[in-house]
file entry.tsv (TSV, C-alpha atoms)
chain	number	residue	atom	x	y	z
G	31	MET	CA	-57.37	5.89	-42.12
G	32	LEU	CA	-56.04	7.07	-45.44
G	33	THR	CA	-55.66	4.56	-48.23
G	34	PRO	CA	-53.29	4.95	-51.18
G	35	ALA	CA	-54.75	5.91	-54.52
G	36	THR	CA	-54.97	3.05	-57.01
G	37	THR	CA	-55.78	2.60	-60.69
G	38	THR	CA	-57.96	-0.31	-61.80
G	39	THR	CA	-59.21	-1.57	-65.14
G	40	THR	CA	-62.67	-2.72	-66.20
G	41	PRO	CA	-63.51	-5.20	-68.95
G	42	ALA	CA	-64.15	-3.58	-72.32
G	43	ALA	CA	-67.33	-4.03	-74.29
G	44	ALA	CA	-67.30	-5.95	-77.60
G	45	GLY	CA	-63.75	-7.18	-77.18
G	46	GLY	CA	-62.17	-3.69	-77.11
G	47	PRO	CA	-59.23	-2.73	-74.89
G	48	ALA	CA	-59.74	-2.57	-71.14
G	49	ALA	CA	-60.75	0.85	-69.89
G	50	ALA	CA	-58.62	2.51	-67.22
G	51	VAL	CA	-60.39	3.85	-64.17
G	52	PRO	CA	-58.82	7.10	-62.84
G	53	ALA	CA	-56.91	6.80	-59.58
G	54	ALA	CA	-58.85	7.69	-56.47
G	55	THR	CA	-58.41	11.32	-55.56
G	56	VAL	CA	-57.22	12.57	-52.20
G	57	THR	CA	-59.25	15.41	-50.75
G	58	ALA	CA	-57.73	17.44	-47.93
G	59	PRO	CA	-59.83	19.18	-45.25
G	60	ARG	CA	-58.53	22.60	-46.38
G	61	LYS	CA	-59.02	24.05	-42.91
G	62	THR	CA	-56.35	26.60	-41.96
G	63	LEU	CA	-54.33	25.17	-39.07
G	64	LYS	CA	-52.00	26.97	-36.71
G	65	LEU	CA	-49.62	25.48	-34.17
G	66	GLY	CA	-51.63	24.24	-31.19
G	67	ALA	CA	-54.67	23.28	-33.28
G	68	LYS	CA	-56.59	20.09	-32.45
G	69	GLY	CA	-59.16	18.00	-34.24
G	70	GLU	CA	-59.97	15.87	-37.26
G	71	ALA	CA	-58.14	18.09	-39.76
G	72	VAL	CA	-54.91	17.66	-37.78
G	73	THR	CA	-55.45	13.90	-37.62
G	74	TRP	CA	-55.95	13.81	-41.40
G	75	MET	CA	-52.74	15.78	-41.92
G	76	GLN	CA	-50.74	13.52	-39.57
G	77	GLU	CA	-52.01	10.39	-41.32
G	78	ARG	CA	-51.23	11.81	-44.75
G	79	LEU	CA	-47.73	12.90	-43.75
G	80	THR	CA	-47.05	9.45	-42.31
G	81	GLU	CA	-48.31	7.80	-45.51
G	82	LEU	CA	-45.91	9.94	-47.55
G	83	GLY	CA	-42.83	9.04	-45.47
G	84	TYR	CA	-42.70	12.01	-43.11
G	85	ARG	CA	-42.65	11.56	-39.34
G	86	PRO	CA	-45.22	13.77	-37.58
G	87	GLY	CA	-45.13	11.73	-34.38
G	88	LYS	CA	-48.17	10.15	-32.78
G	89	VAL	CA	-51.38	10.50	-34.78
G	90	ASP	CA	-53.35	12.16	-32.00
G	91	GLY	CA	-55.05	15.16	-33.62
G	92	LYS	CA	-52.74	17.59	-31.83
G	93	TYR	CA	-50.58	19.99	-33.85
G	94	GLY	CA	-47.44	20.26	-31.74
G	95	GLY	CA	-43.72	20.65	-32.29
G	96	THR	CA	-43.09	17.13	-33.58
G	97	THR	CA	-45.77	17.46	-36.24
G	98	LEU	CA	-44.47	20.94	-37.08
G	99	ALA	CA	-41.04	19.54	-38.00
G	100	ALA	CA	-42.73	17.09	-40.40
G	101	VAL	CA	-44.79	19.93	-41.89
G	102	TRP	CA	-41.60	21.93	-42.46
G	103	ALA	CA	-39.96	18.98	-44.22
G	104	PHE	CA	-43.00	18.46	-46.43
G	105	GLN	CA	-43.26	22.14	-47.32
G	106	LYS	CA	-39.57	22.32	-48.24
G	107	VAL	CA	-39.78	19.26	-50.50
G	108	ASN	CA	-42.83	20.79	-52.21
G	109	GLY	CA	-41.32	24.22	-52.81
G	110	ILE	CA	-43.33	25.99	-50.10
G	111	LYS	CA	-41.65	28.39	-47.70
G	112	PRO	CA	-41.73	26.57	-44.35
G	113	THR	CA	-44.20	27.98	-41.88
G	114	SER	CA	-46.24	26.72	-38.95
G	115	THR	CA	-49.48	27.70	-40.68
G	116	VAL	CA	-51.04	25.00	-42.85
G	117	ALA	CA	-53.12	26.75	-45.49
G	118	ARG	CA	-54.17	26.39	-49.14
G	119	ARG	CA	-50.77	25.69	-50.74
G	120	THR	CA	-49.83	23.05	-48.20
G	121	TRP	CA	-53.23	21.33	-48.44
G	122	GLU	CA	-52.98	21.30	-52.24
G	123	ALA	CA	-49.51	19.77	-52.03
G	124	LEU	CA	-50.78	17.12	-49.60
G	125	GLU	CA	-53.35	16.15	-52.22
G	126	THR	CA	-50.80	15.93	-55.05
G	127	PRO	CA	-47.33	15.79	-53.45
G	128	ARG	CA	-43.94	15.96	-55.13
G	129	PRO	CA	-41.33	13.30	-54.40
G	130	PRO	CA	-38.06	14.52	-52.89
G	131	ARG	CA	-35.40	15.49	-55.41
G	132	VAL	CA	-32.92	12.64	-55.92
G	133	LEU	CA	-29.37	13.80	-55.20
G	134	ALA	CA	-27.40	10.64	-56.09
G	135	ARG	CA	-28.94	9.34	-59.30
G	136	ASN	CA	-26.64	6.33	-59.46
G	137	GLY	CA	-26.78	5.73	-55.72
G	138	ARG	CA	-27.41	2.41	-54.04
G	139	PRO	CA	-31.09	1.49	-53.48
G	140	THR	CA	-30.53	1.81	-49.72
G	141	ARG	CA	-28.85	5.10	-48.86
G	142	ALA	CA	-29.23	8.41	-47.04
G	143	GLU	CA	-29.23	11.76	-48.85
G	144	VAL	CA	-28.72	15.12	-47.14
G	145	ASP	CA	-29.86	18.22	-49.01
G	146	LEU	CA	-28.06	21.15	-47.38
G	147	THR	CA	-29.89	23.65	-49.59
G	148	ARG	CA	-33.33	22.58	-48.41
G	149	GLN	CA	-32.16	21.26	-45.02
G	150	ILE	CA	-33.78	17.86	-45.39
G	151	MET	CA	-32.62	14.25	-45.17
G	152	VAL	CA	-34.13	11.37	-47.11
G	153	MET	CA	-33.60	7.73	-46.17
G	154	TYR	CA	-34.09	5.41	-49.14
G	155	VAL	CA	-34.72	1.71	-48.50
G	156	LYS	CA	-34.69	-0.57	-51.56
G	157	GLY	CA	-35.18	2.45	-53.78
G	158	GLU	CA	-38.14	3.94	-51.90
G	159	ALA	CA	-38.10	7.13	-49.84
G	160	LYS	CA	-39.09	5.61	-46.50
G	161	LEU	CA	-38.18	8.53	-44.26
G	162	ILE	CA	-38.07	12.26	-45.05
G	163	THR	CA	-37.15	14.68	-42.31
G	164	HIS	CA	-36.31	18.29	-41.55
G	165	VAL	CA	-32.70	18.73	-40.38
G	166	SER	CA	-30.30	21.45	-39.26
G	167	SER	CA	-26.70	21.14	-40.48
G	168	GLY	CA	-23.48	23.05	-39.76
G	169	SER	CA	-23.95	26.79	-39.27
G	170	GLY	CA	-20.91	27.71	-41.35
G	171	ILE	CA	-19.70	29.98	-38.56
G	172	ALA	CA	-16.22	29.57	-37.06
G	173	TYR	CA	-16.29	28.73	-33.35
G	174	CYS	CA	-14.06	28.54	-30.29
G	175	GLU	CA	-15.53	26.92	-27.20
G	176	THR	CA	-14.17	25.82	-23.84
G	177	ALA	CA	-15.37	22.53	-22.37
G	178	MET	CA	-14.39	19.91	-19.81
G	179	TRP	CA	-13.05	16.96	-21.79
G	180	GLN	CA	-11.07	13.93	-20.61
G	181	GLY	CA	-10.82	15.33	-17.11
G	182	LYS	CA	-9.54	18.79	-17.94
G	183	GLN	CA	-10.77	22.06	-19.36
G	184	GLN	CA	-9.88	22.39	-23.03
G	185	ARG	CA	-10.50	24.91	-25.80
G	186	PHE	CA	-11.81	23.71	-29.15
G	187	CYS	CA	-11.91	25.78	-32.34
G	188	GLY	CA	-13.11	24.94	-35.81
G	189	SER	CA	-15.43	25.74	-38.69
G	190	ALA	CA	-19.03	24.63	-38.18
G	191	THR	CA	-19.50	23.10	-41.62
G	192	THR	CA	-21.12	19.93	-42.92
G	193	PRO	CA	-18.90	18.96	-45.88
G	194	THR	CA	-20.49	17.77	-49.10
G	195	GLY	CA	-19.39	14.45	-50.54
G	196	ASN	CA	-20.00	10.71	-50.47
G	197	TYR	CA	-19.55	8.84	-47.22
G	198	ARG	CA	-20.61	5.69	-45.38
G	199	THR	CA	-22.02	5.19	-41.92
G	200	THR	CA	-19.47	4.01	-39.36
G	201	TRP	CA	-19.95	3.70	-35.61
G	202	ARG	CA	-22.90	4.72	-33.49
G	203	ALA	CA	-24.04	5.09	-29.90
G	204	SER	CA	-27.37	4.49	-28.20
G	205	GLY	CA	-29.05	7.16	-26.12
G	206	TRP	CA	-27.23	10.35	-25.16
G	207	HIS	CA	-23.58	10.42	-26.21
G	208	LYS	CA	-21.33	13.10	-24.74
G	209	SER	CA	-18.88	14.77	-27.13
G	210	TYR	CA	-16.53	17.68	-26.51
G	211	LEU	CA	-19.05	20.02	-28.18
G	212	GLY	CA	-22.20	18.80	-26.47
G	213	GLU	CA	-24.53	15.81	-26.24
G	214	LEU	CA	-25.86	13.88	-29.23
G	215	TYR	CA	-28.90	11.58	-29.11
G	216	ASN	CA	-28.55	8.21	-30.88
G	217	PRO	CA	-25.69	9.45	-33.08
G	218	ILE	CA	-24.81	7.62	-36.30
G	219	PHE	CA	-21.42	8.82	-37.56
G	220	PHE	CA	-20.63	9.00	-41.28
G	221	ASN	CA	-17.72	11.45	-41.72
G	222	GLY	CA	-15.18	11.44	-38.90
G	223	GLY	CA	-16.87	13.20	-35.98
G	224	ILE	CA	-19.89	14.25	-38.05
G	225	ALA	CA	-23.08	12.34	-37.36
G	226	PHE	CA	-26.82	12.19	-37.74
G	227	HIS	CA	-28.27	12.71	-34.27
G	228	GLY	CA	-31.35	13.77	-32.41
G	229	ALA	CA	-31.43	17.21	-30.79
G	230	LEU	CA	-33.84	19.16	-28.64
G	231	SER	CA	-33.40	22.16	-30.94
G	232	VAL	CA	-33.66	21.73	-34.72
G	233	PRO	CA	-34.32	25.23	-36.11
G	234	LEU	CA	-35.11	26.16	-39.70
G	235	HIS	CA	-31.57	27.46	-40.24
G	236	PRO	CA	-28.25	25.57	-40.01
G	237	ALA	CA	-27.14	25.75	-36.37
G	238	SER	CA	-24.89	22.79	-35.53
G	239	HIS	CA	-21.11	22.47	-35.26
G	240	GLY	CA	-21.23	20.25	-38.37
G	241	CYS	CA	-23.45	17.33	-37.48
G	242	VAL	CA	-26.88	16.80	-39.00
G	243	ARG	CA	-29.45	17.46	-36.29
G	244	MET	CA	-32.89	15.90	-36.58
G	245	PRO	CA	-36.05	15.76	-34.47
G	246	MET	CA	-35.92	13.40	-31.51
G	247	ASN	CA	-38.70	11.13	-32.80
G	248	VAL	CA	-36.78	10.64	-36.07
G	249	ALA	CA	-33.57	9.85	-34.18
G	250	GLU	CA	-35.52	7.17	-32.32
G	251	VAL	CA	-36.34	5.20	-35.48
G	252	LEU	CA	-33.38	5.95	-37.76
G	253	PRO	CA	-30.94	3.46	-36.14
G	254	GLY	CA	-33.32	0.63	-37.05
G	255	MET	CA	-33.31	1.73	-40.70
G	256	LEU	CA	-29.75	2.95	-41.28
G	257	GLY	CA	-27.18	0.22	-40.80
G	258	LYS	CA	-23.37	0.29	-40.81
G	259	GLY	CA	-21.61	0.90	-44.12
G	260	VAL	CA	-24.65	2.47	-45.78
G	261	PRO	CA	-23.85	5.25	-48.31
G	262	VAL	CA	-24.51	8.84	-47.24
G	263	HIS	CA	-24.58	11.53	-49.94
G	264	VAL	CA	-24.35	15.18	-48.88
G	265	ARG	CA	-25.11	17.84	-51.48
G	266	GLY	CA	-25.98	21.52	-51.79
G	267	LYS	CA	-25.36	24.71	-49.89
G	268	PHE	CA	-27.69	26.67	-47.64
G	269	ARG	CA	-28.25	30.28	-48.61
G	270	ARG	CA	-29.41	32.58	-45.85
G	271	ALA	CA	-32.19	34.97	-46.75
call {"tool": "encode", "arguments": {"input": "entry.tsv", "output": "structure tokens"}}
result
Amino acid sequence: MLTPATTTTTPAAAGGPAAAVPAATVTAPRKTLKLGAKGEAVTWMQERLTELGYRPGKVDGKYGGTTLAAVWAFQKVNGIKPTSTVARRTWEALETPRPPRVLARNGRPTRAEVDLTRQIMVMYVKGEAKLITHVSSGSGIAYCETAMWQGKQQRFCGSATTPTGNYRTTWRASGWHKSYLGELYNPIFFNGGIAFHGALSVPLHPASHGCVRMPMNVAEVLPGMLGKGVPVHVRGKFRRA
């Protein structure tokens, strides 16, 4: 298992100041990985991502879709164009990672921050980034859809946006929750009908009606970390290539 780097001191000779010992270095396998890869290098990557607050799923040495979403989140935080291939730049960043950019500098120690520009969400607990995940927010495209709702067929129109601003978590539901625009897994609402929720599809681009989609494994654990009345800060704007 990976262990965090530490700095220690050793007694100085002849009464001089204590000498600092450099922090232990982290050395990545540096083996190019593609989706579907298996083996020790994948296990190392999964352990390292978990240590850093990302959620690659089960540490099983298999590079699948759940681990891919964590790789995307890590690459985006570290200024790397998200891709399924793990090569030199990603390995280097795993050795010396950047922390996520703080969006609410005077925010509460426990809060959630959504970066629409990078399409990531960070959950801070007591001032520490405990969960960092890839997300997909509102597409920004106007929509009109017909759905069965409250016993009759109705037409719903709106703008698929995730508004920026400062909010707080309100109500939630466990498991699959049916809304008039589809089903949401373990939704946690924070701005009217806009929620964090798990989804089977969380692409690299904004694609929702306004909610913040996240991988299913993240939606499994988030309710245990994000209580009611917790601040949610939404910032940024996604720019399509």
call {"tool": "atom_distance", "arguments": {"input": "entry.tsv", "atom1": "atom CA of Thr57 of chain G", "atom2": "atom CA of Asp90 of chain G"}}
result
19.9 Å
call {"tool": "residues_around", "arguments": {"input": "entry.tsv", "residues": "Leu234 of chain G", "least_positions_apart": "2", "cutoff": "8 Å", "atoms": "only C-alpha atoms", "output": "ChimeraX atom specification"}}
result
/G:149,165-166,232,236
call {"tool": "write_last_selection", "arguments": {"input": "entry.tsv", "atoms": "C-alpha atoms", "output": "PDB file, in the coordinates of the input"}}
result
ATOM      1  CA  GLN G 149     -32.160  21.260 -45.020  1.00  0.00           C
ATOM      2  CA  VAL G 165     -32.700  18.730 -40.380  1.00  0.00           C
ATOM      3  CA  SER G 166     -30.300  21.450 -39.260  1.00  0.00           C
ATOM      4  CA  VAL G 232     -33.660  21.730 -34.720  1.00  0.00           C
ATOM      5  CA  PRO G 236     -28.250  25.570 -40.010  1.00  0.00           C
TER       6      PRO G 236
END
call {"tool": "residues_around", "arguments": {"input": "entry.tsv", "residues": "Pro130 of chain G", "least_positions_apart": "6", "cutoff": "10 Å", "atoms": "all atoms listed in the file", "output": "VMD selection string"}}
result
chain G and resid 103 to 104 106 to 108 145 150 to 152 159 162
call {"tool": "atom_distance", "arguments": {"input": "entry.tsv", "atom1": "atom CA of Thr199 of chain G", "atom2": "atom CA of Phe219 of chain G"}}
result
5.7 Å
call {"tool": "axis_aligned_box", "arguments": {"input": "entry.tsv", "around": "segment 244-258 of chain G", "padding_each_side": "6 Å", "output": "JSON"}}
result
{"center_x": -31.0, "center_y": 8.1, "center_z": -36.4, "size_x": 27.3, "size_y": 27.7, "size_z": 21.8}
call {"tool": "residues_near_point", "arguments": {"input": "entry.tsv", "point": "(-22.5, 3.2, -40.6)", "cutoff": "7 Å", "atoms": "all atoms listed in the file", "output": "ChimeraX atom specification"}}
result
/G:198-201,218-220,257-260
call {"tool": "closest_residue", "arguments": {"input": "entry.tsv", "among": "G:Val89, G:Leu161, G:Leu124, G:Ala99", "to": "Leu65 of chain G", "atoms": "all atoms listed in the file"}}
result
G:Ala99
call {"tool": "residues_around", "arguments": {"input": "entry.tsv", "residues": "Val242 of chain G", "least_positions_apart": "3", "cutoff": "8 Å", "atoms": "only C-alpha atoms", "output": "list in words"}}
result
Val165, Ser166, Ser167, Gly168, Thr192, Ile224, Ala225, Phe226, His227 and Ser238 of chain G
call {"tool": "residues_around", "arguments": {"input": "entry.tsv", "residues": "Pro245 of chain G", "least_positions_apart": "5", "cutoff": "10 Å", "atoms": "only C-alpha atoms", "output": "PyMOL selection string"}}
result
chain G and resi 85-87+95-96+99-100+163-166+215+227-233+250
call {"tool": "atom_distance", "arguments": {"input": "entry.tsv", "atom1": "atom CA of Thr73 of chain G", "atom2": "atom CA of Tyr93 of chain G"}}
result
8.7 Å
call {"tool": "closest_residue", "arguments": {"input": "entry.tsv", "among": "G:Gly181, G:Thr126, G:Glu81, G:Val155", "to": "Met255 of chain G", "atoms": "only C-alpha atoms"}}
result
G:Val155
call {"tool": "build_atoms", "arguments": {"input": "entry.tsv", "residues": "segment 125-160 of chain G", "atoms": "N, CA and C atoms", "output": "PDB file, in the coordinates of the input"}}
result
ATOM      1  N   GLU G 125     -52.505  16.897 -51.292  1.00  0.00           N
ATOM      2  CA  GLU G 125     -53.350  16.150 -52.220  1.00  0.00           C
ATOM      3  C   GLU G 125     -52.543  15.585 -53.378  1.00  0.00           C
ATOM      4  N   THR G 126     -51.619  16.372 -53.911  1.00  0.00           N
ATOM      5  CA  THR G 126     -50.800  15.930 -55.050  1.00  0.00           C
ATOM      6  C   THR G 126     -49.333  16.259 -54.747  1.00  0.00           C
ATOM      7  N   PRO G 127     -48.688  15.467 -53.903  1.00  0.00           N
ATOM      8  CA  PRO G 127     -47.330  15.790 -53.450  1.00  0.00           C
ATOM      9  C   PRO G 127     -46.247  15.489 -54.470  1.00  0.00           C
ATOM     10  N   ARG G 128     -45.144  16.238 -54.359  1.00  0.00           N
ATOM     11  CA  ARG G 128     -43.940  15.960 -55.130  1.00  0.00           C
ATOM     12  C   ARG G 128     -43.089  14.940 -54.378  1.00  0.00           C
ATOM     13  N   PRO G 129     -42.331  14.122 -55.083  1.00  0.00           N
ATOM     14  CA  PRO G 129     -41.330  13.300 -54.400  1.00  0.00           C
ATOM     15  C   PRO G 129     -40.109  14.151 -54.090  1.00  0.00           C
ATOM     16  N   PRO G 130     -39.294  13.765 -53.126  1.00  0.00           N
ATOM     17  CA  PRO G 130     -38.060  14.520 -52.890  1.00  0.00           C
ATOM     18  C   PRO G 130     -37.126  14.426 -54.082  1.00  0.00           C
ATOM     19  N   ARG G 131     -36.354  15.471 -54.302  1.00  0.00           N
ATOM     20  CA  ARG G 131     -35.400  15.490 -55.410  1.00  0.00           C
ATOM     21  C   ARG G 131     -34.266  14.506 -55.134  1.00  0.00           C
ATOM     22  N   VAL G 132     -33.993  13.623 -56.083  1.00  0.00           N
ATOM     23  CA  VAL G 132     -32.920  12.640 -55.920  1.00  0.00           C
ATOM     24  C   VAL G 132     -31.579  13.337 -56.100  1.00  0.00           C
ATOM     25  N   LEU G 133     -30.670  13.146 -55.158  1.00  0.00           N
ATOM     26  CA  LEU G 133     -29.370  13.800 -55.200  1.00  0.00           C
ATOM     27  C   LEU G 133     -28.288  12.898 -55.801  1.00  0.00           C
ATOM     28  N   ALA G 134     -28.392  11.599 -55.576  1.00  0.00           N
ATOM     29  CA  ALA G 134     -27.400  10.640 -56.090  1.00  0.00           C
ATOM     30  C   ALA G 134     -28.113   9.702 -57.058  1.00  0.00           C
ATOM     31  N   ARG G 135     -28.132  10.087 -58.326  1.00  0.00           N
ATOM     32  CA  ARG G 135     -28.940   9.340 -59.300  1.00  0.00           C
ATOM     33  C   ARG G 135     -28.433   7.926 -59.548  1.00  0.00           C
ATOM     34  N   ASN G 136     -27.166   7.681 -59.306  1.00  0.00           N
ATOM     35  CA  ASN G 136     -26.640   6.330 -59.460  1.00  0.00           C
ATOM     36  C   ASN G 136     -26.341   5.707 -58.092  1.00  0.00           C
ATOM     37  N   GLY G 137     -27.019   6.215 -57.067  1.00  0.00           N
ATOM     38  CA  GLY G 137     -26.780   5.730 -55.720  1.00  0.00           C
ATOM     39  C   GLY G 137     -27.363   4.339 -55.487  1.00  0.00           C
ATOM     40  N   ARG G 138     -26.900   3.719 -54.409  1.00  0.00           N
ATOM     41  CA  ARG G 138     -27.410   2.410 -54.040  1.00  0.00           C
ATOM     42  C   ARG G 138     -28.901   2.518 -53.671  1.00  0.00           C
ATOM     43  N   PRO G 139     -29.662   1.442 -53.833  1.00  0.00           N
ATOM     44  CA  PRO G 139     -31.090   1.490 -53.480  1.00  0.00           C
ATOM     45  C   PRO G 139     -31.332   1.869 -52.016  1.00  0.00           C
ATOM     46  N   THR G 140     -30.421   1.436 -51.126  1.00  0.00           N
ATOM     47  CA  THR G 140     -30.530   1.810 -49.720  1.00  0.00           C
ATOM     48  C   THR G 140     -29.415   2.803 -49.410  1.00  0.00           C
ATOM     49  N   ARG G 141     -29.813   4.028 -49.077  1.00  0.00           N
ATOM     50  CA  ARG G 141     -28.850   5.100 -48.860  1.00  0.00           C
ATOM     51  C   ARG G 141     -29.530   6.264 -48.135  1.00  0.00           C
ATOM     52  N   ALA G 142     -28.716   7.174 -47.636  1.00  0.00           N
ATOM     53  CA  ALA G 142     -29.230   8.410 -47.040  1.00  0.00           C
ATOM     54  C   ALA G 142     -28.728   9.584 -47.878  1.00  0.00           C
ATOM     55  N   GLU G 143     -29.602  10.565 -48.107  1.00  0.00           N
ATOM     56  CA  GLU G 143     -29.230  11.760 -48.850  1.00  0.00           C
ATOM     57  C   GLU G 143     -29.539  12.994 -48.001  1.00  0.00           C
ATOM     58  N   VAL G 144     -28.555  13.879 -47.897  1.00  0.00           N
ATOM     59  CA  VAL G 144     -28.720  15.120 -47.140  1.00  0.00           C
ATOM     60  C   VAL G 144     -28.686  16.290 -48.117  1.00  0.00           C
ATOM     61  N   ASP G 145     -29.759  17.049 -48.154  1.00  0.00           N
ATOM     62  CA  ASP G 145     -29.860  18.220 -49.010  1.00  0.00           C
ATOM     63  C   ASP G 145     -29.620  19.448 -48.140  1.00  0.00           C
ATOM     64  N   LEU G 146     -28.402  19.996 -48.213  1.00  0.00           N
ATOM     65  CA  LEU G 146     -28.060  21.150 -47.380  1.00  0.00           C
ATOM     66  C   LEU G 146     -28.822  22.401 -47.818  1.00  0.00           C
ATOM     67  N   THR G 147     -29.164  22.480 -49.093  1.00  0.00           N
ATOM     68  CA  THR G 147     -29.890  23.650 -49.590  1.00  0.00           C
ATOM     69  C   THR G 147     -31.274  23.731 -48.960  1.00  0.00           C
ATOM     70  N   ARG G 148     -31.975  22.618 -48.957  1.00  0.00           N
ATOM     71  CA  ARG G 148     -33.330  22.580 -48.410  1.00  0.00           C
ATOM     72  C   ARG G 148     -33.370  22.188 -46.942  1.00  0.00           C
ATOM     73  N   GLN G 149     -32.237  21.718 -46.415  1.00  0.00           N
ATOM     74  CA  GLN G 149     -32.160  21.260 -45.020  1.00  0.00           C
ATOM     75  C   GLN G 149     -33.148  20.120 -44.764  1.00  0.00           C
ATOM     76  N   ILE G 150     -33.012  19.073 -45.593  1.00  0.00           N
ATOM     77  CA  ILE G 150     -33.780  17.860 -45.390  1.00  0.00           C
ATOM     78  C   ILE G 150     -32.873  16.647 -45.549  1.00  0.00           C
ATOM     79  N   MET G 151     -33.294  15.524 -44.979  1.00  0.00           N
ATOM     80  CA  MET G 151     -32.620  14.250 -45.170  1.00  0.00           C
ATOM     81  C   MET G 151     -33.648  13.231 -45.614  1.00  0.00           C
ATOM     82  N   VAL G 152     -33.261  12.420 -46.605  1.00  0.00           N
ATOM     83  CA  VAL G 152     -34.130  11.370 -47.110  1.00  0.00           C
ATOM     84  C   VAL G 152     -33.430  10.033 -46.937  1.00  0.00           C
ATOM     85  N   MET G 153     -34.110   9.086 -46.316  1.00  0.00           N
ATOM     86  CA  MET G 153     -33.600   7.730 -46.170  1.00  0.00           C
ATOM     87  C   MET G 153     -34.324   6.843 -47.172  1.00  0.00           C
ATOM     88  N   TYR G 154     -33.540   6.322 -48.145  1.00  0.00           N
ATOM     89  CA  TYR G 154     -34.090   5.410 -49.140  1.00  0.00           C
ATOM     90  C   TYR G 154     -33.832   3.967 -48.692  1.00  0.00           C
ATOM     91  N   VAL G 155     -34.847   3.142 -48.802  1.00  0.00           N
ATOM     92  CA  VAL G 155     -34.720   1.710 -48.500  1.00  0.00           C
ATOM     93  C   VAL G 155     -35.242   0.950 -49.716  1.00  0.00           C
ATOM     94  N   LYS G 156     -34.358   0.192 -50.355  1.00  0.00           N
ATOM     95  CA  LYS G 156     -34.690  -0.570 -51.560  1.00  0.00           C
ATOM     96  C   LYS G 156     -35.314   0.329 -52.626  1.00  0.00           C
ATOM     97  N   GLY G 157     -34.763   1.539 -52.740  1.00  0.00           N
ATOM     98  CA  GLY G 157     -35.180   2.450 -53.780  1.00  0.00           C
ATOM     99  C   GLY G 157     -36.373   3.329 -53.453  1.00  0.00           C
ATOM    100  N   GLU G 158     -36.979   3.144 -52.293  1.00  0.00           N
ATOM    101  CA  GLU G 158     -38.140   3.940 -51.900  1.00  0.00           C
ATOM    102  C   GLU G 158     -37.782   4.906 -50.785  1.00  0.00           C
ATOM    103  N   ALA G 159     -38.322   6.125 -50.887  1.00  0.00           N
ATOM    104  CA  ALA G 159     -38.100   7.130 -49.840  1.00  0.00           C
ATOM    105  C   ALA G 159     -38.964   6.756 -48.634  1.00  0.00           C
ATOM    106  N   LYS G 160     -38.347   6.111 -47.647  1.00  0.00           N
ATOM    107  CA  LYS G 160     -39.090   5.610 -46.500  1.00  0.00           C
ATOM    108  C   LYS G 160     -39.145   6.611 -45.341  1.00  0.00           C
TER     109      LYS G 160
END
